[in-house]
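Step one of this worksheet: look at the structure below.
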Amino acid sequence: MSLKNASTPAPTPLVFPPLDPRQAAPLSPLQREILEIKRRKNAVILAHNYQTDDIQRVADFVGDSLGLARQAAGTTAETIVFCGVHFMAETAKIVNPGKRVILPEAGAGCSLSDSCPAEELAAYKAQNPGLYTVAYINCSAAVKALSDVICTSGNAVDIVNRVPPGREILFVPDQNLGQWVMRQTGRGMRLWPGSCYAHVLYTVRGIEGARAAHPGAPVVAHPECIEAVRDTADIVCSTEKMIGYCRDNPAGTFIIATETGMMSRLRREVPGKTFVAAPTDLCGCNDCRYMKMNTLGKLRECLETLEPQVTLPMDTLAAAAAPIHRMLEWSR
Ligand code: 13P
Ligand code: SF4
């Protein structure tokens with residue numbers, strides 16, 4: 001991918017003004033059909049904050065990775081329909097193995113998860129015995145199975161603070177989140193050199209351009225952003241914490257450095273405020289190409305056919321469950 005050079009003007013940031021409640025669009029026939037099939041099949045729809053607005057509006061729960069894992073663990077529905085990416089649906093299966101877990105698009109992967117193949121992690125651990133492995137939830141079930149504890153962006157600082165003091169930590173797979181956690185906790189860690197292709201596209205130049213166009217607007221950044229961008233932000237936090245921050249802060253406009261789907265959740269739950277998508281050098285907003293593989297049409301199809309399903313070998317399921325349950329225990 002070639003980035004535009006510094007003399008090319010940065011794209012104009014996309015602005016999401018407050019929703020007018022009087023103009024809320026009614027559900028479409030397809031959305032109503034999805035709700036009807038969901039009821040018939042005793043299914044629950046869980047959607048990540050990065051899903052499109054039309055999917056978010058038919059979901060039973062919309063949230064970040066931590067909230068979604070908790071919802072998946074606690075549901076009594078027969079089928080969990082996971083609108084997100086593959087590792088999230090796998091996590092749902094691991095925490096609630098008796099349920100059928102389906103997803104609209106089996107090919108919805110994650111560049112961050114791909115940056116840490118389980119065989120490479122196993123080889124590294126064999127060469128460096130004794131490390132305590134903290135894995136960000138954005139990794140495969142096989143990587144989780146090799147880890148001591150899982151974390152999300154919402155609880156990573158708390159989880160790392162709970163690791164026994166005498167142990168050297170290996171943090172996988174996101175070097176940016178890992179760097180940020182090191183700064184917050186003061187604890188040294190070995191960092192796996194992985195990253196999210198979408199979040200590393202944000203630049204200080206783009207953020208400064210958005211600040212110039214919207215003076216006084218606080219900058220809210222996800223910890224998967226690079227250090228220079230995190231350093232320029234007013235707050236660095238998980239997608240869930242962005243909601244509370246924007247609600248409690250008196251400002252009327254916020255610059256948001258995370259995936260565009262987040263704007264839908266913010267607009268619905270923080271009424272009356274304006275959200276500006278932090279631009280990258282490529283675009284005035286930033287979609288995750290994997291998250292956006294899910295569509296309403298595919299959601300309807302997977303509910304009707306109950307396919308594709310997440311299946312995992314029994315030994316992987318059991319080995320991956322232990323570090324996830326440790327996380328849930330440590331972040332009550
Ligand atoms: P959150 O858990 O903060 O929603 O992050 C998930 C993710 O994939 C970020 O890219
Ligand atoms: Fe993975 Fe990045 Fe997409 Fe999140 S935004 S799912 S980390 S590729």
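We label chains A, B, ... in the order they appear in the structure tokens, count residues from 1 in each chain, and number ligands from 1 in the order shown.
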Considering only C-alpha atoms, return as a PyMOL selection string whatever protein or nucleic-acid residues lie within 8 Å of A:Ala59, sequence-local ones (same chain, fewer than 4 positions apart) excluded. chain A and resi 44-47+55
Quick one: write out the picked residues with C-alpha atoms as a PDB file, in the first residue's frame?
```pdb
ATOM      1  CA  VAL A  44     -29.339 -14.238  20.275  1.00  0.00           C
ATOM      2  CA  ILE A  45     -27.522 -11.722  18.050  1.00  0.00           C
ATOM      3  CA  LEU A  46     -24.299 -10.303  19.500  1.00  0.00           C
ATOM      4  CA  ALA A  47     -22.646  -7.522  17.502  1.00  0.00           C
ATOM      5  CA  ILE A  55     -26.702  -4.811  11.917  1.00  0.00           C
TER       6      ILE A  55
END
```
Given 7 Å and only C-alpha atoms and all ligand atoms, residues near ligand 2 as a ChimeraX atom specification: /A:85,110-113,138,196-199,259,288-291
Would you output that residue set with N, CA, C and O atoms, as a JSON list (two decimals), in the first residue's frame?
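As written to disk, again22.json reads:
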```
[["chain", "number", "residue", "atom", "x", "y", "z"],
["A", 85, "VAL", "N", -15.78, -10.54, 14.11],
["A", 85, "VAL", "CA", -14.80, -11.29, 13.32],
["A", 85, "VAL", "C", -14.59, -12.67, 13.95],
["A", 85, "VAL", "O", -15.09, -12.96, 15.04],
["A", 110, "CYS", "N", -8.85, -11.24, 10.93],
["A", 110, "CYS", "CA", -8.32, -10.07, 11.66],
["A", 110, "CYS", "C", -6.81, -10.06, 11.43],
["A", 110, "CYS", "O", -6.13, -11.06, 11.70],
["A", 111, "SER", "N", -6.29, -8.93, 10.96],
["A", 111, "SER", "CA", -4.85, -8.85, 10.66],
["A", 111, "SER", "C", -4.02, -9.02, 11.92],
["A", 111, "SER", "O", -2.92, -9.57, 11.89],
["A", 112, "LEU", "N", -4.56, -8.58, 13.03],
["A", 112, "LEU", "CA", -3.83, -8.67, 14.30],
["A", 112, "LEU", "C", -3.73, -10.13, 14.73],
["A", 112, "LEU", "O", -2.66, -10.62, 15.09],
["A", 113, "SER", "N", -4.83, -10.83, 14.66],
["A", 113, "SER", "CA", -4.84, -12.26, 14.99],
["A", 113, "SER", "C", -3.88, -13.01, 14.05],
["A", 113, "SER", "O", -3.08, -13.84, 14.50],
["A", 138, "ASN", "N", -7.68, -10.61, 20.67],
["A", 138, "ASN", "CA", -7.62, -10.64, 19.21],
["A", 138, "ASN", "C", -6.57, -11.65, 18.74],
["A", 138, "ASN", "O", -5.51, -11.29, 18.21],
["A", 196, "CYS", "N", -2.69, -4.04, 14.29],
["A", 196, "CYS", "CA", -3.95, -3.98, 13.55],
["A", 196, "CYS", "C", -3.73, -3.09, 12.33],
["A", 196, "CYS", "O", -3.39, -1.92, 12.48],
["A", 197, "TYR", "N", -3.98, -3.65, 11.14],
["A", 197, "TYR", "CA", -3.70, -2.88, 9.92],
["A", 197, "TYR", "C", -4.50, -1.57, 9.87],
["A", 197, "TYR", "O", -4.05, -0.56, 9.30],
["A", 198, "ALA", "N", -5.70, -1.59, 10.47],
["A", 198, "ALA", "CA", -6.59, -0.41, 10.37],
["A", 198, "ALA", "C", -6.16, 0.68, 11.36],
["A", 198, "ALA", "O", -6.09, 1.86, 10.98],
["A", 199, "HIS", "N", -5.88, 0.31, 12.59],
["A", 199, "HIS", "CA", -5.56, 1.34, 13.59],
["A", 199, "HIS", "C", -4.18, 1.97, 13.36],
["A", 199, "HIS", "O", -3.98, 3.13, 13.75],
["A", 259, "GLU", "N", -12.50, 2.50, 14.49],
["A", 259, "GLU", "CA", -13.27, 2.08, 13.32],
["A", 259, "GLU", "C", -14.62, 2.81, 13.23],
["A", 259, "GLU", "O", -15.26, 3.10, 14.25],
["A", 288, "CYS", "N", -12.83, -1.27, 9.11],
["A", 288, "CYS", "CA", -12.06, -2.53, 9.14],
["A", 288, "CYS", "C", -12.65, -3.43, 8.05],
["A", 288, "CYS", "O", -13.84, -3.75, 8.08],
["A", 289, "ARG", "N", -11.81, -3.82, 7.11],
["A", 289, "ARG", "CA", -12.33, -4.57, 5.96],
["A", 289, "ARG", "C", -12.91, -5.91, 6.40],
["A", 289, "ARG", "O", -13.79, -6.46, 5.73],
["A", 290, "TYR", "N", -12.46, -6.45, 7.50],
["A", 290, "TYR", "CA", -12.97, -7.76, 7.98],
["A", 290, "TYR", "C", -14.33, -7.58, 8.64],
["A", 290, "TYR", "O", -15.26, -8.35, 8.38],
["A", 291, "MET", "N", -14.43, -6.60, 9.53],
["A", 291, "MET", "CA", -15.71, -6.35, 10.20],
["A", 291, "MET", "C", -16.81, -6.08, 9.18],
["A", 291, "MET", "O", -17.97, -6.47, 9.37]]
```
For ligand 1, collect every residue having any atom at a distance of at most 6 Å from a ligand atom (counting only C-alpha atoms and all ligand atoms); output as a PDB file with N, CA and C atoms, in the first residue's frame.
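Produced file out_2.pdb, reproduced below:
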```pdb
ATOM      1  N   ASP A  64     -18.095  -4.093  23.214  1.00  0.00           N
ATOM      2  CA  ASP A  64     -16.677  -4.372  22.936  1.00  0.00           C
ATOM      3  C   ASP A  64     -16.389  -5.853  23.214  1.00  0.00           C
ATOM      4  N   SER A  65     -15.136  -6.239  23.027  1.00  0.00           N
ATOM      5  CA  SER A  65     -14.794  -7.659  23.124  1.00  0.00           C
ATOM      6  C   SER A  65     -15.100  -8.217  24.509  1.00  0.00           C
ATOM      7  N   THR A 152      -8.522  -7.920  27.215  1.00  0.00           N
ATOM      8  CA  THR A 152      -9.105  -7.119  26.138  1.00  0.00           C
ATOM      9  C   THR A 152      -8.547  -5.708  26.314  1.00  0.00           C
ATOM     10  N   SER A 153      -8.876  -4.823  25.377  1.00  0.00           N
ATOM     11  CA  SER A 153      -8.370  -3.457  25.552  1.00  0.00           C
ATOM     12  C   SER A 153      -9.018  -2.814  26.781  1.00  0.00           C
ATOM     13  N   SER A 238     -10.704   1.577  25.443  1.00  0.00           N
ATOM     14  CA  SER A 238     -11.441   0.583  24.652  1.00  0.00           C
ATOM     15  C   SER A 238     -12.689   1.224  24.062  1.00  0.00           C
ATOM     16  N   THR A 239     -13.297   0.537  23.116  1.00  0.00           N
ATOM     17  CA  THR A 239     -14.484   1.119  22.475  1.00  0.00           C
ATOM     18  C   THR A 239     -15.599   1.343  23.497  1.00  0.00           C
TER      19      THR A 239
END
```
A:Leu170 surroundings by only C-alpha atoms, 12 Å radius, close-in-sequence under 3 positions cut, as a VMD selection string: chain A and resid 121 124 to 125 128 to 136 146 to 150 160 163 167 173 to 175 178 to 179 182 187 to 193
Residue nearest A:Ala106 - candidates A:His86, A:Arg70, A:Arg57, A:Lys93, atoms counted: only C-alpha atoms: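 So, comparing all the options, the nearest one is A:His86.
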I need the residues of stretch 69-125 of chain A that end up classed as strand (DSSP E) by DSSP on the backbone, written out as a list in words.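 So, restricting stretch 69-125 of chain A to strand (DSSP E), we get Thr79, Ile80, Val81, Phe82, Cys83, Arg100, Val101 and Ile102 of chain A.
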Surrounding residues of stretch 221-233 of chain A excluding itself and chain neighbours under 2 positions, 6 Å, only C-alpha atoms, as JSON, numbers by chain: {"A": [176, 177, 199, 200, 204, 219, 235, 236, 237, 238, 257, 258]}
Calculated over only C-alpha atoms, which of the candidates A:Lys241, A:Arg247, A:Arg100, A:Arg267 has the smallest distance to A:Gly154?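 Nearest candidate to A:Gly154 out of A:Lys241, A:Arg247, A:Arg100, A:Arg267: A:Lys241.
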Would you please give, as a PDB file with N, CA and C atoms, in the first residue's frame, all residues of stretch 101-225 of chain A that DSSP assigns to alpha helix (DSSP H) based on the backbone?
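The resulting file, selection-v2.pdb, is reproduced below:
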```pdb
ATOM      1  N   SER A 111      -6.294  -8.930  10.959  1.00  0.00           N
ATOM      2  CA  SER A 111      -4.851  -8.852  10.656  1.00  0.00           C
ATOM      3  C   SER A 111      -4.024  -9.020  11.921  1.00  0.00           C
ATOM      4  N   LEU A 112      -4.563  -8.576  13.025  1.00  0.00           N
ATOM      5  CA  LEU A 112      -3.832  -8.671  14.296  1.00  0.00           C
ATOM      6  C   LEU A 112      -3.733 -10.129  14.727  1.00  0.00           C
ATOM      7  N   SER A 113      -4.833 -10.833  14.657  1.00  0.00           N
ATOM      8  CA  SER A 113      -4.840 -12.258  14.987  1.00  0.00           C
ATOM      9  C   SER A 113      -3.883 -13.008  14.049  1.00  0.00           C
ATOM     10  N   ASP A 114      -3.929 -12.672  12.769  1.00  0.00           N
ATOM     11  CA  ASP A 114      -3.051 -13.355  11.792  1.00  0.00           C
ATOM     12  C   ASP A 114      -1.576 -13.099  12.064  1.00  0.00           C
ATOM     13  N   ALA A 118      -0.072 -19.681  15.776  1.00  0.00           N
ATOM     14  CA  ALA A 118       0.150 -20.504  16.977  1.00  0.00           C
ATOM     15  C   ALA A 118       1.480 -21.251  16.913  1.00  0.00           C
ATOM     16  N   GLU A 119       1.873 -21.735  15.721  1.00  0.00           N
ATOM     17  CA  GLU A 119       3.133 -22.493  15.627  1.00  0.00           C
ATOM     18  C   GLU A 119       4.318 -21.596  15.978  1.00  0.00           C
ATOM     19  N   GLU A 120       4.262 -20.336  15.548  1.00  0.00           N
ATOM     20  CA  GLU A 120       5.372 -19.414  15.851  1.00  0.00           C
ATOM     21  C   GLU A 120       5.427 -19.104  17.342  1.00  0.00           C
ATOM     22  N   LEU A 121       4.262 -18.945  17.944  1.00  0.00           N
ATOM     23  CA  LEU A 121       4.238 -18.674  19.383  1.00  0.00           C
ATOM     24  C   LEU A 121       4.762 -19.897  20.151  1.00  0.00           C
ATOM     25  N   ALA A 122       4.336 -21.095  19.732  1.00  0.00           N
ATOM     26  CA  ALA A 122       4.792 -22.315  20.416  1.00  0.00           C
ATOM     27  C   ALA A 122       6.313 -22.425  20.313  1.00  0.00           C
ATOM     28  N   ALA A 123       6.874 -22.123  19.131  1.00  0.00           N
ATOM     29  CA  ALA A 123       8.327 -22.228  18.944  1.00  0.00           C
ATOM     30  C   ALA A 123       9.036 -21.194  19.825  1.00  0.00           C
ATOM     31  N   TYR A 124       8.504 -19.979  19.888  1.00  0.00           N
ATOM     32  CA  TYR A 124       9.126 -18.913  20.699  1.00  0.00           C
ATOM     33  C   TYR A 124       9.113 -19.300  22.183  1.00  0.00           C
ATOM     34  N   LYS A 125       7.983 -19.852  22.617  1.00  0.00           N
ATOM     35  CA  LYS A 125       7.880 -20.242  24.032  1.00  0.00           C
ATOM     36  C   LYS A 125       8.836 -21.399  24.354  1.00  0.00           C
ATOM     37  N   ALA A 126       9.019 -22.290  23.388  1.00  0.00           N
ATOM     38  CA  ALA A 126       9.939 -23.425  23.611  1.00  0.00           C
ATOM     39  C   ALA A 126      11.374 -22.913  23.754  1.00  0.00           C
ATOM     40  N   GLN A 127      11.704 -21.879  22.967  1.00  0.00           N
ATOM     41  CA  GLN A 127      13.070 -21.320  23.030  1.00  0.00           C
ATOM     42  C   GLN A 127      13.255 -20.400  24.246  1.00  0.00           C
ATOM     43  N   ALA A 141      -8.001 -19.281  18.646  1.00  0.00           N
ATOM     44  CA  ALA A 141      -8.213 -20.186  19.790  1.00  0.00           C
ATOM     45  C   ALA A 141      -6.927 -20.951  20.082  1.00  0.00           C
ATOM     46  N   ALA A 142      -6.165 -21.295  19.044  1.00  0.00           N
ATOM     47  CA  ALA A 142      -4.920 -22.052  19.254  1.00  0.00           C
ATOM     48  C   ALA A 142      -3.903 -21.205  20.017  1.00  0.00           C
ATOM     49  N   VAL A 143      -3.865 -19.900  19.768  1.00  0.00           N
ATOM     50  CA  VAL A 143      -2.962 -19.004  20.520  1.00  0.00           C
ATOM     51  C   VAL A 143      -3.467 -18.855  21.956  1.00  0.00           C
ATOM     52  N   LYS A 144      -4.769 -18.728  22.111  1.00  0.00           N
ATOM     53  CA  LYS A 144      -5.330 -18.641  23.487  1.00  0.00           C
ATOM     54  C   LYS A 144      -4.934 -19.886  24.266  1.00  0.00           C
ATOM     55  N   ALA A 145      -4.983 -21.038  23.593  1.00  0.00           N
ATOM     56  CA  ALA A 145      -4.676 -22.308  24.272  1.00  0.00           C
ATOM     57  C   ALA A 145      -3.225 -22.345  24.761  1.00  0.00           C
ATOM     58  N   ALA A 156      -6.920  -4.699  29.961  1.00  0.00           N
ATOM     59  CA  ALA A 156      -5.519  -5.119  29.833  1.00  0.00           C
ATOM     60  C   ALA A 156      -4.652  -4.616  30.995  1.00  0.00           C
ATOM     61  N   VAL A 157      -4.888  -3.371  31.424  1.00  0.00           N
ATOM     62  CA  VAL A 157      -4.064  -2.809  32.508  1.00  0.00           C
ATOM     63  C   VAL A 157      -4.315  -3.600  33.804  1.00  0.00           C
ATOM     64  N   ASP A 158      -5.582  -3.858  34.110  1.00  0.00           N
ATOM     65  CA  ASP A 158      -5.921  -4.612  35.333  1.00  0.00           C
ATOM     66  C   ASP A 158      -5.352  -6.021  35.271  1.00  0.00           C
ATOM     67  N   ILE A 159      -5.441  -6.640  34.121  1.00  0.00           N
ATOM     68  CA  ILE A 159      -4.968  -8.034  33.996  1.00  0.00           C
ATOM     69  C   ILE A 159      -3.449  -8.078  34.199  1.00  0.00           C
ATOM     70  N   VAL A 160      -2.722  -7.204  33.541  1.00  0.00           N
ATOM     71  CA  VAL A 160      -1.256  -7.212  33.673  1.00  0.00           C
ATOM     72  C   VAL A 160      -0.860  -6.913  35.118  1.00  0.00           C
ATOM     73  N   ASN A 161      -1.614  -6.037  35.771  1.00  0.00           N
ATOM     74  CA  ASN A 161      -1.325  -5.744  37.182  1.00  0.00           C
ATOM     75  C   ASN A 161      -1.518  -6.960  38.087  1.00  0.00           C
ATOM     76  N   ARG A 162      -2.321  -7.937  37.623  1.00  0.00           N
ATOM     77  CA  ARG A 162      -2.580  -9.129  38.450  1.00  0.00           C
ATOM     78  C   ARG A 162      -1.562 -10.251  38.220  1.00  0.00           C
ATOM     79  N   GLN A 175       1.608  -5.132  19.576  1.00  0.00           N
ATOM     80  CA  GLN A 175       2.702  -4.358  20.173  1.00  0.00           C
ATOM     81  C   GLN A 175       2.234  -2.980  20.630  1.00  0.00           C
ATOM     82  N   ASN A 176       1.219  -2.421  19.970  1.00  0.00           N
ATOM     83  CA  ASN A 176       0.778  -1.069  20.355  1.00  0.00           C
ATOM     84  C   ASN A 176       0.025  -1.084  21.677  1.00  0.00           C
ATOM     85  N   LEU A 177      -0.924  -2.000  21.802  1.00  0.00           N
ATOM     86  CA  LEU A 177      -1.615  -2.142  23.083  1.00  0.00           C
ATOM     87  C   LEU A 177      -0.596  -2.502  24.165  1.00  0.00           C
ATOM     88  N   GLY A 178       0.339  -3.391  23.830  1.00  0.00           N
ATOM     89  CA  GLY A 178       1.352  -3.809  24.806  1.00  0.00           C
ATOM     90  C   GLY A 178       2.187  -2.630  25.300  1.00  0.00           C
ATOM     91  N   GLN A 179       2.630  -1.789  24.364  1.00  0.00           N
ATOM     92  CA  GLN A 179       3.424  -0.581  24.734  1.00  0.00           C
ATOM     93  C   GLN A 179       2.626   0.307  25.676  1.00  0.00           C
ATOM     94  N   TRP A 180       1.357   0.497  25.334  1.00  0.00           N
ATOM     95  CA  TRP A 180       0.489   1.374  26.127  1.00  0.00           C
ATOM     96  C   TRP A 180       0.325   0.804  27.541  1.00  0.00           C
ATOM     97  N   VAL A 181       0.111  -0.521  27.628  1.00  0.00           N
ATOM     98  CA  VAL A 181      -0.059  -1.162  28.934  1.00  0.00           C
ATOM     99  C   VAL A 181       1.231  -1.044  29.744  1.00  0.00           C
ATOM    100  N   MET A 182       2.388  -1.163  29.089  1.00  0.00           N
ATOM    101  CA  MET A 182       3.669  -1.005  29.805  1.00  0.00           C
ATOM    102  C   MET A 182       3.739   0.383  30.432  1.00  0.00           C
ATOM    103  N   ARG A 183       3.320   1.389  29.657  1.00  0.00           N
ATOM    104  CA  ARG A 183       3.348   2.768  30.172  1.00  0.00           C
ATOM    105  C   ARG A 183       2.382   2.942  31.340  1.00  0.00           C
ATOM    106  N   GLN A 184       1.206   2.314  31.260  1.00  0.00           N
ATOM    107  CA  GLN A 184       0.197   2.481  32.330  1.00  0.00           C
ATOM    108  C   GLN A 184       0.579   1.741  33.601  1.00  0.00           C
ATOM    109  N   THR A 185       1.229   0.582  33.440  1.00  0.00           N
ATOM    110  CA  THR A 185       1.492  -0.267  34.610  1.00  0.00           C
ATOM    111  C   THR A 185       2.918  -0.108  35.124  1.00  0.00           C
ATOM    112  N   VAL A 204      -0.467  11.402  13.208  1.00  0.00           N
ATOM    113  CA  VAL A 204      -0.549  12.657  13.957  1.00  0.00           C
ATOM    114  C   VAL A 204      -1.041  13.761  13.018  1.00  0.00           C
ATOM    115  N   ARG A 205      -0.552  13.742  11.762  1.00  0.00           N
ATOM    116  CA  ARG A 205      -0.971  14.746  10.781  1.00  0.00           C
ATOM    117  C   ARG A 205      -2.499  14.753  10.608  1.00  0.00           C
ATOM    118  N   GLY A 206      -3.080  13.569  10.480  1.00  0.00           N
ATOM    119  CA  GLY A 206      -4.539  13.464  10.319  1.00  0.00           C
ATOM    120  C   GLY A 206      -5.270  13.985  11.545  1.00  0.00           C
ATOM    121  N   ILE A 207      -4.747  13.617  12.724  1.00  0.00           N
ATOM    122  CA  ILE A 207      -5.403  14.056  13.969  1.00  0.00           C
ATOM    123  C   ILE A 207      -5.299  15.582  14.090  1.00  0.00           C
ATOM    124  N   GLU A 208      -4.112  16.112  13.786  1.00  0.00           N
ATOM    125  CA  GLU A 208      -3.940  17.571  13.903  1.00  0.00           C
ATOM    126  C   GLU A 208      -4.845  18.303  12.909  1.00  0.00           C
ATOM    127  N   GLY A 209      -5.035  17.735  11.719  1.00  0.00           N
ATOM    128  CA  GLY A 209      -5.949  18.333  10.727  1.00  0.00           C
ATOM    129  C   GLY A 209      -7.373  18.376  11.275  1.00  0.00           C
ATOM    130  N   ALA A 210      -7.778  17.259  11.912  1.00  0.00           N
ATOM    131  CA  ALA A 210      -9.139  17.207  12.474  1.00  0.00           C
ATOM    132  C   ALA A 210      -9.267  18.200  13.631  1.00  0.00           C
ATOM    133  N   ARG A 211      -8.195  18.341  14.430  1.00  0.00           N
ATOM    134  CA  ARG A 211      -8.233  19.305  15.540  1.00  0.00           C
ATOM    135  C   ARG A 211      -8.379  20.735  15.005  1.00  0.00           C
ATOM    136  N   ALA A 212      -7.664  21.012  13.900  1.00  0.00           N
ATOM    137  CA  ALA A 212      -7.722  22.369  13.335  1.00  0.00           C
ATOM    138  C   ALA A 212      -9.136  22.673  12.840  1.00  0.00           C
ATOM    139  N   ALA A 213      -9.794  21.650  12.257  1.00  0.00           N
ATOM    140  CA  ALA A 213     -11.153  21.860  11.739  1.00  0.00           C
ATOM    141  C   ALA A 213     -12.193  21.896  12.864  1.00  0.00           C
TER     142      ALA A 213
END
```
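Distances from A:Leu19, A:Ser264, A:His214, A:Val58 to A:Leu35 were compared using only C-alpha atoms, and the smallest one belongs to A:Val58.
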